[in-house]
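Please read the structure below before turning to the comments.
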Amino acid sequence: MNMDHVAENGLVLLGCGKMGGAMLQGWLAQGLPPTSVSVIDPNPSDWLRGTGVGINGDLPENPAIVLIAVKPQMMGEALPTLAAMGNGTTLFVSVAAGTPIAAFEAALGAESPIVRAMPNTPAAVGRGITAIIGNAHASAAQVDLAEMLLRAVGQVVRLDTEDQMDAVTGVSGSGPAYVFHMIECLAAAGEAQGLAPALAMQLAQATVAGAGALAEAADETPAQLRVNVTSPNGTTQAGLAVLMDEETGLPPLMRKTVAAAADRSRELGQ
Ligand SMILES: NC(=O)C1=CN([C@@H]2O[C@H](COP(=O)(O)OP(=O)(O)OC[C@H]3O[C@@H](n4cnc5c(N)ncnc54)[C@H](OP(=O)(O)O)[C@@H]3O)[C@@H](O)[C@H]2O)C=CC1
Ligand SMILES: O=C(O)[C@@H]1CCC=N1
C-alpha cells in the first residue's frame with residue numbers, strides 16, 4: 001500500500017482545524033490529489049476552500065484512510081459519523097489527545113483497523129514528529145501506510161505500548177507550545193534589559209530556531225553543544241547557574257510541565 005492506494009480509494013479528514021489542516025497542507029504539498037480528499041468540518045476555512053478538496057459533500061464508501069482530527073471533547077458527536085464508514089479495510093487514524101484505541105473500537109467495532117497517533121504542529125512546515133501505535137486489527141501493511149502518510153509531514157516513531165502516548169503528548173505533542181513560550185520569555189527578558197521589542201523578538205526567534213537546527217544537524221549531543229557556548233567564568237556560565245538550578249531552575253519546572261500535560265492526557269482518556 002502506498003500513496004497511490006490513498007489517491008485511488010480516498011482519504012476522509014474529520015475535523016480540519018490547526019492539526020488536521022497542518023497535515024493536509026503537507027500531503028497536498030507531497031502531491032496527494034485534492035480530488036481524493038474529502039473533508040468534514042462545520043466551518044471550513046478560506047484556505048481549505050481554496051485547496052480543491054471535497055468539503056462536506058458525498059464521502060467515498062470505503063476510503064483507504066479516515067483521519068480523525070477533532071477535539072477529544074467533540075469525539076462523542078463525531079464518532080457516529082465515522083461508524084457509517086469503512087468495511088474492514090478502511091484504516092482509521094486518530095490524532096486526538098487522550099482518546100484511547102478502545103473508545104474507537106467501541107464505536108467502530110472491535111474488528112476495525114485503528115492507528116492512534118500523536119503529531120505536532122511543525123507538521124505544517126514538514127518538520128513534525130508523530131508517534132504511532134496500531135490496534136490488534138491493524139495489519140503491518142496498514143501501520144506502514146499510516147507511517148508513510150505521516151512521514152510526508154515529518155518524522156515518525158512507533159510506540160511499543162499505548163500507555164506511552166500520554167508521555168509523548170506531554171513532550172512532543174504539546175512541546176512546540178513550550179518552545180514558543182520560551183521565545184516569548186527570552187524576548188521579554190531582552191526587553192527588560194533595554195532592547196526594543198522588535199529587536200528582542202528577532203534575537204529570541206533566530207536563537208531558538210538556530211539552536212534547534214544546530215542540535216539536529218550536529219554530531220555532538222545537546223549537552224556538548226551547551227558546553228561549547230559556555231566559556232569558563234563567562235556570561236553563559238552566569239546565566240546557566242540560574243537556569244540549571246535543580247531547585248528553582250528549568251529541570252524541576254520542565255518535569256512539572258511535562259507531568260501536568262501527560263496527566264491531562266490520562267484524564268482526557270477517562
Ligand atoms: N493543535 C495541536 O498542536 C495538536 C492537536 N492534536 C489533536 O488534534 C485534534 C484537533 O486539534 P486542533 O486541530 O488543535 O483543534 P481545532 O479546534 O483547531 O480543530 C478541530 C476541527 O474540528 C472541527 N469539528 C468540530 N466538531 C466536528 C464534527 N463533529 N465533525 C467534524 N469536524 C468537527 C472544528 O470546527 P469548529 O472550530 O468550527 O468547531 C475544527 O475545525 C485534537 O484531538 C487534539 O488533541 C494532536 C497533536 C497536536
Ligand atoms: O493541547 C492539546 O490538548 C493538544 C494535544 C497536544 C497538543 N495540543
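Within each chain, counting starts at residue 1; across the C-alpha cells, chains are named A, B, ... in the order shown, with ligands numbered 1 upward in that order.
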Using only C-alpha atoms and all ligand atoms, find each residue of chain A with at least one atom at most 7 Å away from an atom of ligand 2; report its shortest atom-to-atom pair and that distance in Å (one decimal), sort the rows by chain and rising residue number, and return the result as CSV.
residue,atom,partner,partner_atom_place_in_ligand_line,distance
A:Ala96,CA,ligand 2,5 (C),6.9
A:Ala97,CA,ligand 2,5 (C),4.9
A:Asn120,CA,ligand 2,7 (C),6.6
A:Thr169,CA,ligand 2,6 (C),5.6
A:Gly173,CA,ligand 2,6 (C),4.1
A:Ser174,CA,ligand 2,7 (C),4.1
Open item on the list: Please find the residues contacting ligand 1 at a distance of at most 9 Å between atoms, with only C-alpha atoms and all ligand atoms counted, and report them as a ChimeraX atom specification.
Closed with: /A:13-22,39-45,68-79,81,94-99,117-122,130,169,172-177,265
Open item on the list: Give me, as a PyMOL selection string, all polymer residues having an atom no more than 10 Å from range 182-199 of chain A, counting only C-alpha atoms and skipping those fewer than 6 positions away in the same chain.
Closed with: chain A and resi 176+205-209
Task: Selection near Pro100 in chain A, 10 Å with only C-alpha atoms, sequence-local residues under 3 positions removed, as a ChimeraX atom specification - done: /A:94,96-97,103-105,116,162-163,165,265-266,268-270
Output for the residues just chosen: N, CA and C atoms as a PDB file, in the first residue's frame:
ATOM      1  N   SER A  94      -6.433   8.208  14.364  1.00  0.00           N
ATOM      2  CA  SER A  94      -6.847   9.304  15.245  1.00  0.00           C
ATOM      3  C   SER A  94      -5.626  10.041  15.770  1.00  0.00           C
ATOM      4  N   ALA A  96      -6.266  12.417  18.153  1.00  0.00           N
ATOM      5  CA  ALA A  96      -6.843  13.063  19.337  1.00  0.00           C
ATOM      6  C   ALA A  96      -6.049  12.749  20.601  1.00  0.00           C
ATOM      7  N   ALA A  97      -5.746  13.768  21.372  1.00  0.00           N
ATOM      8  CA  ALA A  97      -5.051  13.562  22.645  1.00  0.00           C
ATOM      9  C   ALA A  97      -5.967  12.787  23.589  1.00  0.00           C
ATOM     10  N   ALA A 103     -11.818   3.325  22.800  1.00  0.00           N
ATOM     11  CA  ALA A 103     -13.002   4.163  22.551  1.00  0.00           C
ATOM     12  C   ALA A 103     -13.413   4.066  21.084  1.00  0.00           C
ATOM     13  N   PHE A 104     -12.420   3.984  20.186  1.00  0.00           N
ATOM     14  CA  PHE A 104     -12.733   3.853  18.754  1.00  0.00           C
ATOM     15  C   PHE A 104     -13.246   2.450  18.451  1.00  0.00           C
ATOM     16  N   GLU A 105     -12.645   1.447  19.112  1.00  0.00           N
ATOM     17  CA  GLU A 105     -13.116   0.070  18.891  1.00  0.00           C
ATOM     18  C   GLU A 105     -14.567  -0.065  19.334  1.00  0.00           C
ATOM     19  N   ARG A 116      -3.559   4.899  16.459  1.00  0.00           N
ATOM     20  CA  ARG A 116      -3.573   6.115  17.276  1.00  0.00           C
ATOM     21  C   ARG A 116      -2.246   6.834  17.061  1.00  0.00           C
ATOM     22  N   GLU A 162       0.485   1.473  24.213  1.00  0.00           N
ATOM     23  CA  GLU A 162      -0.347   2.672  24.072  1.00  0.00           C
ATOM     24  C   GLU A 162      -0.152   3.630  25.248  1.00  0.00           C
ATOM     25  N   ASP A 163       0.187   3.085  26.432  1.00  0.00           N
ATOM     26  CA  ASP A 163       0.285   3.990  27.597  1.00  0.00           C
ATOM     27  C   ASP A 163       1.454   4.981  27.484  1.00  0.00           C
ATOM     28  N   MET A 165       1.728   6.909  25.114  1.00  0.00           N
ATOM     29  CA  MET A 165       1.185   8.042  24.355  1.00  0.00           C
ATOM     30  C   MET A 165       0.983   9.284  25.237  1.00  0.00           C
ATOM     31  N   SER A 265      -3.538  14.320  29.628  1.00  0.00           N
ATOM     32  CA  SER A 265      -3.800  13.341  28.566  1.00  0.00           C
ATOM     33  C   SER A 265      -4.473  12.102  29.167  1.00  0.00           C
ATOM     34  N   ARG A 266      -3.965  11.652  30.327  1.00  0.00           N
ATOM     35  CA  ARG A 266      -4.575  10.479  31.001  1.00  0.00           C
ATOM     36  C   ARG A 266      -6.016  10.782  31.403  1.00  0.00           C
ATOM     37  N   LEU A 268      -8.072  12.956  29.988  1.00  0.00           N
ATOM     38  CA  LEU A 268      -8.949  13.010  28.805  1.00  0.00           C
ATOM     39  C   LEU A 268      -9.359  11.608  28.369  1.00  0.00           C
ATOM     40  N   GLY A 269      -8.540  10.623  28.724  1.00  0.00           N
ATOM     41  CA  GLY A 269      -8.822   9.235  28.342  1.00  0.00           C
ATOM     42  C   GLY A 269      -9.818   8.549  29.257  1.00  0.00           C
ATOM     43  N   GLN A 270     -10.200   9.209  30.353  1.00  0.00           N
ATOM     44  CA  GLN A 270     -11.135   8.561  31.301  1.00  0.00           C
ATOM     45  C   GLN A 270     -12.545   8.530  30.752  1.00  0.00           C
TER      46      GLN A 270
END
Task: Using only C-alpha atoms: which of A:Ser231, A:Asn9, A:Gln155, A:Gln224 has the shortest distance to Thr90 in chain A - done: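 Closest residue, counting only C-alpha atoms: A:Asn9.
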- [ ] Name all residues at most 6 Å from Gly170 in chain A (count only C-alpha atoms; drop same-chain ones fewer than 4 positions away) and give them as number ranges by chain.
- [x] A: 174, 258, 261-262
How would the residues just picked look written out with N, CA and C atoms as an mmCIF file, in the first residue's frame?
data_model
loop_
_atom_site.group_PDB
_atom_site.id
_atom_site.type_symbol
_atom_site.label_atom_id
_atom_site.label_comp_id
_atom_site.auth_asym_id
_atom_site.auth_seq_id
_atom_site.Cartn_x
_atom_site.Cartn_y
_atom_site.Cartn_z
ATOM 1 N N SER A 174 2.562 18.585 22.903
ATOM 2 C CA SER A 174 2.422 19.928 23.481
ATOM 3 C C SER A 174 3.724 20.718 23.381
ATOM 4 N N VAL A 258 5.812 18.775 31.893
ATOM 5 C CA VAL A 258 5.525 17.566 31.100
ATOM 6 C C VAL A 258 4.585 16.637 31.887
ATOM 7 N N ALA A 261 1.001 17.951 31.596
ATOM 8 C CA ALA A 261 0.413 17.669 30.271
ATOM 9 C C ALA A 261 0.088 16.180 30.135
ATOM 10 N N ALA A 262 0.998 15.321 30.583
ATOM 11 C CA ALA A 262 0.766 13.869 30.491
ATOM 12 C C ALA A 262 -0.421 13.463 31.377
#
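Here CA of Ile55 in chain A is placed at a distance of 11.3 Å from CA of Ser36 in chain A.
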Open item on the list: Taking only range 89-217 of chain A into account, list the residues labelled strand (DSSP E) by DSSP (computed from the backbone), as a PyMOL selection string.
Closed with: chain A and resi 91-94+114-118+128-134+154-158
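Excluding Asn135 in chain A and any residue on its chain fewer than 6 positions from it, the residues at most 9 Å away by only C-alpha atoms are Ile101, Ala102, Glu105, Ser112, Pro113, Ile114, Val115 and Arg116 of chain A.
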Requested write-out: C-alpha atoms of the selected residues, as a CSV table (one decimal), in the first residue's frame:
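The resulting file, selection27.csv, is shown below:
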chain,number,residue,atom,x,y,z
A,101,ILE,CA,-7.9,3.0,20.9
A,102,ALA,CA,-10.6,1.2,23.0
A,105,GLU,CA,-13.1,0.1,18.9
A,112,SER,CA,-11.8,-2.1,12.7
A,113,PRO,CA,-8.1,-1.3,12.0
A,114,ILE,CA,-7.2,1.7,14.0
A,115,VAL,CA,-3.9,3.7,14.4
A,116,ARG,CA,-3.6,6.1,17.3
Open item on the list: DSSP on the backbone: which residues in range 209-242 of chain A end up as helix (DSSP H, G or I)? Give the answer as a list in words.
Closed with: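 Result set for range 209-242 of chain A (helix (DSSP H, G or I)): Ala209, Gly210, Ala211, Gly212, Ala213, Leu214, Ala215, Glu216, Ala217, Pro222, Ala223, Gln224, Leu225, Arg226, Val227, Asn228, Val229, Thr235, Thr236, Gln237, Ala238, Gly239, Leu240, Ala241 and Val242 of chain A.
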- [ ] Please identify all polymer residues within 10 Å of Asp160 in chain A, counting only C-alpha atoms, omitting same-chain residues fewer than 5 positions from it, and present them as a list in words.
- [x] Ile132, Ile133, Gly134 and Met165 of chain A
Got time to write the residues from that selection, C-alpha atoms, as a CSV table (one decimal), in the first residue's frame?
chain,number,residue,atom,x,y,z
A,132,ILE,CA,2.0,5.9,16.3
A,133,ILE,CA,0.6,2.6,17.5
A,134,GLY,CA,-1.9,0.3,15.8
A,165,MET,CA,1.2,8.0,24.4
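The closest residue to Phe92 in chain A, picked from A:Glu247, A:Asp58, A:Glu111, A:Asp46 and counting only C-alpha atoms, is A:Glu111.
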